[in-house]
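**Q** I'd like to ask some things about the structure below.
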Amino acid sequence: MHRSSGFAVWLVVAVGLYAAIHYYFWARLIRAPMLPPAWRTGLTIALVALAVILPLSMMLARLVGWSTADALLWPAFAWSGLAMFLLIVLLGVDAVRGAALVGLKIAHSDVLDAPARRLFMSRAIAIGATALAAGISGVAFGTALAGPVLRKLKVALPRWPSVLDGFSIVQLSDLHIGRTIGRRYVEDLVKRTNELQPDLIAITGDLVDGTPEDLGEAAAPLGELRARYGVYFVPGNHDHYSGVEPWLRWLRQRNVTVLVNDRVNIGDGQARFELAGVDDSYFNADVEKALAGRDPQRELILLAHQPQEIAAAARFGVGLQLSGHTHGGQLWPGPWFARLMFRWVAGSFRVGESQLYVSCGSGYVGPPMRLGTRSEITHFEIRRGSPDTPQQEPAGAPVADQAPAPA
């Protein structure tokens, strides 16, 4: 099958599923409660408008630019998040309701056969499900816009130079600067990062969702990041989708060192370790190239957007790999599904003799919502020693600090 044919099939399936979900909403929330004609007509129009607002905003962005589409984007993203929770709630209620009806049939009970009772039940479900989904969405919205928490970890590495004990690395990942994460959010992130006075800052991909022309002003505060040994960046898949080469040039102009299947020495003499970085796994990641000719007596830290690179990194004796990509699942029940897709979802892991940390990300992607997870600024303190046995850290685990960041 040609790529264009495959995309056409995917598009038809996606549009059909999207339409079916909204028809389900209409049937359960508008038709079943038998609302008065004026209410039914008005709510049907509102539901159709909500259904088309997201694809319409994307079409406008492509045709006339984001400045016109921005007015639609916030309600579009808000509806997409609310719709997900509404679908989960309604399916759950209908599953319980179906089981109850089967039980009543078996018991030969006619308690729900009366039309008035069925109508009351339909209206109660419509109101209750909508209110519950709206409440959950509000919590998720507030959690995302509260900004990243500070997560502090101590890491022991056996080849780490003793003279560098206490070396600090701040990891930022999956910021997704775009239409809903703007300059104020980035300014706060940079301020909080600099206040930690890190020795090194690592940005592990998915920095942006858009071009430098669209997002350069929002991303500009990143040029103020300061660390004794510098700021380092590896690209993620969304950076490639956004046009990676212009962004790499943009970052280099702001004294950010880009590592794409490459490696550098940090420090000098005995106070030295190696830092490597690879491209995104969906594109040109090459761990072997990045580590070719490395000094096996030196400790090595690898930056890789996607955690699966740890499989190759462990074979090459990498001490620690820092990754992101998964967002920790971002929205419940996303963490459950993420564990079906990714072997390493969030927190600390051991793979052979190598250690892996997977960040939940410093921003969010898509709807400005988080539920069951928090965005994070990750602060590592490195020392020489035998690695502790890390436990997987739940996506919503307690953290050191919860200072808010504006949207």
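Identifiers in the structure tokens: chain A, B, ... in order shown; residue index from 1 per chain; ligand index from 1 in order shown.
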Which residues, written as a CSV table (one decimal) with C-alpha atoms, in the first residue's frame, have at least one atom at most 7 Å from Asp174 in chain A, with only C-alpha atoms counted and residues fewer than 3 positions away on the same chain left out?
**A**
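Result file around-v1.csv:
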chain,number,residue,atom,x,y,z
A,205,GLY,CA,14.0,16.9,23.4
A,206,ASP,CA,10.5,17.9,22.4
A,207,LEU,CA,11.3,21.5,23.1
A,324,GLY,CA,11.7,11.9,28.4
A,325,HIS,CA,9.1,11.4,25.7
A,361,GLY,CA,8.3,16.3,31.1
A,362,SER,CA,8.5,20.0,32.0
A,363,GLY,CA,5.3,21.0,30.1
**Q** Write out as a PyMOL selection string all residues of range 240-346 of chain A that backbone DSSP assigns to helix (DSSP H, G or I).
**A** chain A and resi 240-241+244-252+287-291+307-315+327-329+334-341
**Q** Write the selection just made, keeping N, CA and C atoms, as a short mmCIF file (atom, residue, chain, number, x, y, z; two decimals), in the first residue's frame?
**A**
data_model
loop_
_atom_site.label_atom_id
_atom_site.label_comp_id
_atom_site.auth_asym_id
_atom_site.auth_seq_id
_atom_site.Cartn_x
_atom_site.Cartn_y
_atom_site.Cartn_z
N HIS A 240 11.67 17.46 15.39
CA HIS A 240 11.78 17.12 13.97
C HIS A 240 10.51 17.50 13.23
N TYR A 241 9.33 17.23 13.80
CA TYR A 241 8.09 17.60 13.14
C TYR A 241 8.02 19.12 12.91
N VAL A 244 13.64 20.60 12.40
CA VAL A 244 14.66 20.58 13.44
C VAL A 244 15.87 21.46 13.14
N GLU A 245 16.30 21.53 11.88
CA GLU A 245 17.53 22.26 11.58
C GLU A 245 17.46 23.74 11.93
N PRO A 246 16.38 24.47 11.61
CA PRO A 246 16.30 25.87 12.04
C PRO A 246 16.36 26.01 13.56
N TRP A 247 15.78 25.07 14.28
CA TRP A 247 15.82 25.15 15.74
C TRP A 247 17.23 24.87 16.27
N LEU A 248 17.94 23.94 15.65
CA LEU A 248 19.31 23.68 16.09
C LEU A 248 20.18 24.92 15.89
N ARG A 249 20.00 25.60 14.76
CA ARG A 249 20.75 26.85 14.55
C ARG A 249 20.33 27.89 15.59
N TRP A 250 19.06 27.99 15.86
CA TRP A 250 18.54 28.96 16.83
C TRP A 250 19.16 28.71 18.20
N LEU A 251 19.24 27.46 18.61
CA LEU A 251 19.79 27.12 19.92
C LEU A 251 21.29 27.41 19.98
N ARG A 252 22.01 27.04 18.92
CA ARG A 252 23.46 27.30 18.91
C ARG A 252 23.76 28.78 19.03
N VAL A 287 23.48 5.37 18.79
CA VAL A 287 24.26 5.30 20.03
C VAL A 287 25.69 4.87 19.74
N GLU A 288 25.86 3.93 18.83
CA GLU A 288 27.21 3.45 18.51
C GLU A 288 28.09 4.58 18.00
N LYS A 289 27.55 5.42 17.12
CA LYS A 289 28.33 6.55 16.60
C LYS A 289 28.66 7.54 17.71
N ALA A 290 27.70 7.81 18.57
CA ALA A 290 27.91 8.78 19.64
C ALA A 290 28.99 8.32 20.62
N LEU A 291 29.12 7.00 20.79
CA LEU A 291 30.05 6.48 21.79
C LEU A 291 31.33 5.92 21.21
N PRO A 307 13.39 6.73 25.87
CA PRO A 307 14.10 5.85 26.81
C PRO A 307 14.58 4.54 26.23
N GLN A 308 14.01 4.07 25.12
CA GLN A 308 14.41 2.76 24.62
C GLN A 308 15.87 2.70 24.17
N GLU A 309 16.52 3.86 24.04
CA GLU A 309 17.94 3.85 23.68
C GLU A 309 18.79 3.22 24.78
N ILE A 310 18.22 3.03 25.97
CA ILE A 310 18.98 2.43 27.07
C ILE A 310 19.41 1.01 26.73
N ALA A 311 18.67 0.32 25.85
CA ALA A 311 19.04 -1.05 25.49
C ALA A 311 20.42 -1.08 24.85
N ALA A 312 20.67 -0.14 23.93
CA ALA A 312 22.00 -0.05 23.31
C ALA A 312 23.00 0.58 24.27
N ALA A 313 22.56 1.59 25.01
CA ALA A 313 23.47 2.29 25.93
C ALA A 313 24.05 1.34 26.97
N ALA A 314 23.22 0.41 27.47
CA ALA A 314 23.70 -0.52 28.49
C ALA A 314 24.80 -1.42 27.93
N ARG A 315 24.70 -1.78 26.67
CA ARG A 315 25.74 -2.62 26.06
C ARG A 315 27.07 -1.89 25.98
N HIS A 327 5.92 11.53 28.94
CA HIS A 327 5.08 12.42 29.76
C HIS A 327 4.51 11.71 30.99
N GLY A 328 5.03 10.50 31.27
CA GLY A 328 4.48 9.73 32.37
C GLY A 328 3.05 9.29 32.13
N GLY A 329 2.57 9.45 30.90
CA GLY A 329 1.18 9.16 30.57
C GLY A 329 0.31 10.40 30.55
N GLY A 334 -3.94 7.52 31.11
CA GLY A 334 -2.78 7.45 30.24
C GLY A 334 -1.61 6.67 30.80
N PRO A 335 -1.27 6.81 32.12
CA PRO A 335 -0.15 6.03 32.64
C PRO A 335 -0.33 4.52 32.45
N TRP A 336 -1.56 4.02 32.54
CA TRP A 336 -1.78 2.59 32.30
C TRP A 336 -1.49 2.23 30.85
N PHE A 337 -2.01 3.04 29.93
CA PHE A 337 -1.77 2.77 28.51
C PHE A 337 -0.30 2.94 28.15
N ALA A 338 0.37 3.92 28.79
CA ALA A 338 1.79 4.15 28.51
C ALA A 338 2.61 2.92 28.83
N ARG A 339 2.21 2.19 29.86
CA ARG A 339 2.95 0.99 30.24
C ARG A 339 2.75 -0.15 29.23
N LEU A 340 1.71 -0.06 28.40
CA LEU A 340 1.55 -1.01 27.32
C LEU A 340 2.43 -0.66 26.12
N MET A 341 2.76 0.63 26.00
CA MET A 341 3.53 1.11 24.85
C MET A 341 5.02 1.20 25.14
#
**Q** Counting only C-alpha atoms, which residues in range 114-196 of chain A sit no more than 8 Å from range 208-228 of chain A? For each one, give the nearest pair of atoms and the distance in Å, sorted by chain then residue number, as a tab-separated table.
**A**
residue	atom	partner	partner_atom	distance
A:Leu175	CA	A:Val208	CA	6.8
A:His176	CA	A:Val208	CA	4.4
A:Ile177	CA	A:Val208	CA	4.5
A:Gly178	CA	A:Asp209	CA	5.1
A:Gly182	CA	A:Ala218	CA	5.1
A:Arg183	CA	A:Ala218	CA	4.0
A:Arg184	CA	A:Ala218	CA	7.8
A:Val186	CA	A:Pro221	CA	6.4
A:Glu187	CA	A:Pro221	CA	5.6
A:Val190	CA	A:Leu225	CA	5.9
A:Thr193	CA	A:Leu225	CA	7.5
A:Asn194	CA	A:Arg226	CA	6.0
**Q** Export, as a CSV table (one decimal), in the first residue's frame, the selected residues with C-alpha atoms.
**A**
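out-v4.csv written:
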chain,number,residue,atom,x,y,z
A,175,LEU,CA,8.5,21.5,27.3
A,176,HIS,CA,6.4,21.7,24.1
A,177,ILE,CA,6.5,25.4,23.7
A,178,GLY,CA,3.6,26.2,21.5
A,182,GLY,CA,4.2,30.6,26.0
A,183,ARG,CA,6.8,33.1,27.1
A,184,ARG,CA,5.6,33.5,30.7
A,186,VAL,CA,9.3,29.6,29.8
A,187,GLU,CA,10.5,32.6,31.8
A,190,VAL,CA,14.3,29.4,33.3
A,193,THR,CA,16.3,26.4,36.9
A,194,ASN,CA,18.9,29.1,37.3
**Q** To one decimal in Å, tell me the separation between CA of Ser122 in chain A and CA of Trp332 in chain A.
**A**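 Result for CA of Ser122 in chain A versus CA of Trp332 in chain A: 26.3 Å, one decimal.
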**Q** Show me, as a PyMOL selection string, the residues that have an atom within 10 Å of range 373-379 of chain A when counting only C-alpha atoms, minus same-chain residues fewer than 5 positions from it.
**A** chain A and resi 140+143-154+168-175+189+192-193+196+198+201-202+327-332+334-335+346+357-364+394-399+401-402
**Q** Select from range 86-301 of chain A everything DSSP, run on the backbone, classes as strand (DSSP E), then give the selection as a CSV table (one decimal) with C-alpha atoms, in the first residue's frame.
**A**
chain,number,residue,atom,x,y,z
A,149,VAL,CA,7.4,20.6,40.5
A,150,LEU,CA,11.0,20.2,41.5
A,151,ARG,CA,12.1,16.6,41.8
A,152,LYS,CA,15.5,16.0,43.5
A,153,LEU,CA,17.4,12.8,43.1
A,154,LYS,CA,20.9,11.5,44.2
A,155,VAL,CA,22.7,9.2,41.8
A,156,ALA,CA,25.8,7.2,42.5
A,157,LEU,CA,28.1,6.2,39.6
A,167,PHE,CA,28.0,17.8,40.7
A,168,SER,CA,24.5,18.9,39.8
A,169,ILE,CA,22.6,18.4,36.6
A,170,VAL,CA,19.1,19.9,35.9
A,171,GLN,CA,17.1,18.1,33.3
A,172,LEU,CA,14.3,19.8,31.3
A,200,LEU,CA,25.1,21.5,33.8
A,201,ILE,CA,21.7,21.8,32.2
A,202,ALA,CA,20.4,19.0,29.9
A,203,ILE,CA,17.3,19.5,27.6
A,231,VAL,CA,23.5,23.9,28.5
A,232,TYR,CA,23.1,20.8,26.2
A,233,PHE,CA,20.3,19.7,23.9
A,256,VAL,CA,23.2,25.9,23.7
A,257,THR,CA,25.4,22.9,22.7
A,258,VAL,CA,23.6,20.5,20.4
A,262,ASP,CA,28.0,13.1,19.4
A,263,ARG,CA,30.0,13.3,22.6
A,264,VAL,CA,32.0,15.9,24.6
A,265,ASN,CA,34.3,15.9,27.6
A,266,ILE,CA,33.1,17.8,30.6
A,267,GLY,CA,35.8,19.1,32.9
A,268,ASP,CA,39.5,18.3,32.6
A,271,ALA,CA,37.9,15.9,37.1
A,272,ARG,CA,36.4,14.8,33.9
A,273,PHE,CA,33.5,12.7,32.5
A,274,GLU,CA,31.9,12.2,29.1
A,275,LEU,CA,28.6,13.5,28.0
A,276,ALA,CA,26.9,12.1,24.8
A,277,GLY,CA,23.7,12.8,23.1
A,300,LEU,CA,29.6,8.6,30.7
A,301,ILE,CA,26.1,10.2,30.8
**Q** From the options A:Arg254, A:Arg350, A:His305, A:Arg118, which residue's atoms come nearest to Val234 in chain A, counting only C-alpha atoms?
**A**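 Counting only C-alpha atoms, the residue closest to Val234 in chain A is A:His305.
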**Q** Work out how far CA of Gly372 in chain A is from CA of Gly347 in chain A, in Å to one decimal.
**A**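 Between these atoms lies a distance of 14.0 Å.
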**Q** Separation of CA of Glu381 in chain A and CA of Phe316 in chain A, in Å?
**A** 23.1 Å
**Q** Which residues are close to Gly135 in chain A, i.e. within 12 Å by only C-alpha atoms, leaving aside same-chain residues fewer than 4 positions away? Reply as number ranges by chain.
**A** A: 81-82, 85-86, 89, 128-131, 139-142, 371
**Q** Would you kindly return, as a list in words, each protein, DNA or RNA residue with an atom no farther than 10 Å from any atom of Tyr282 in chain A, considering only C-alpha atoms and excluding same-chain residues fewer than 4 positions away?
**A**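 What passes the distance filter is Gly236, Asn237, His240 and Gln306 of chain A.
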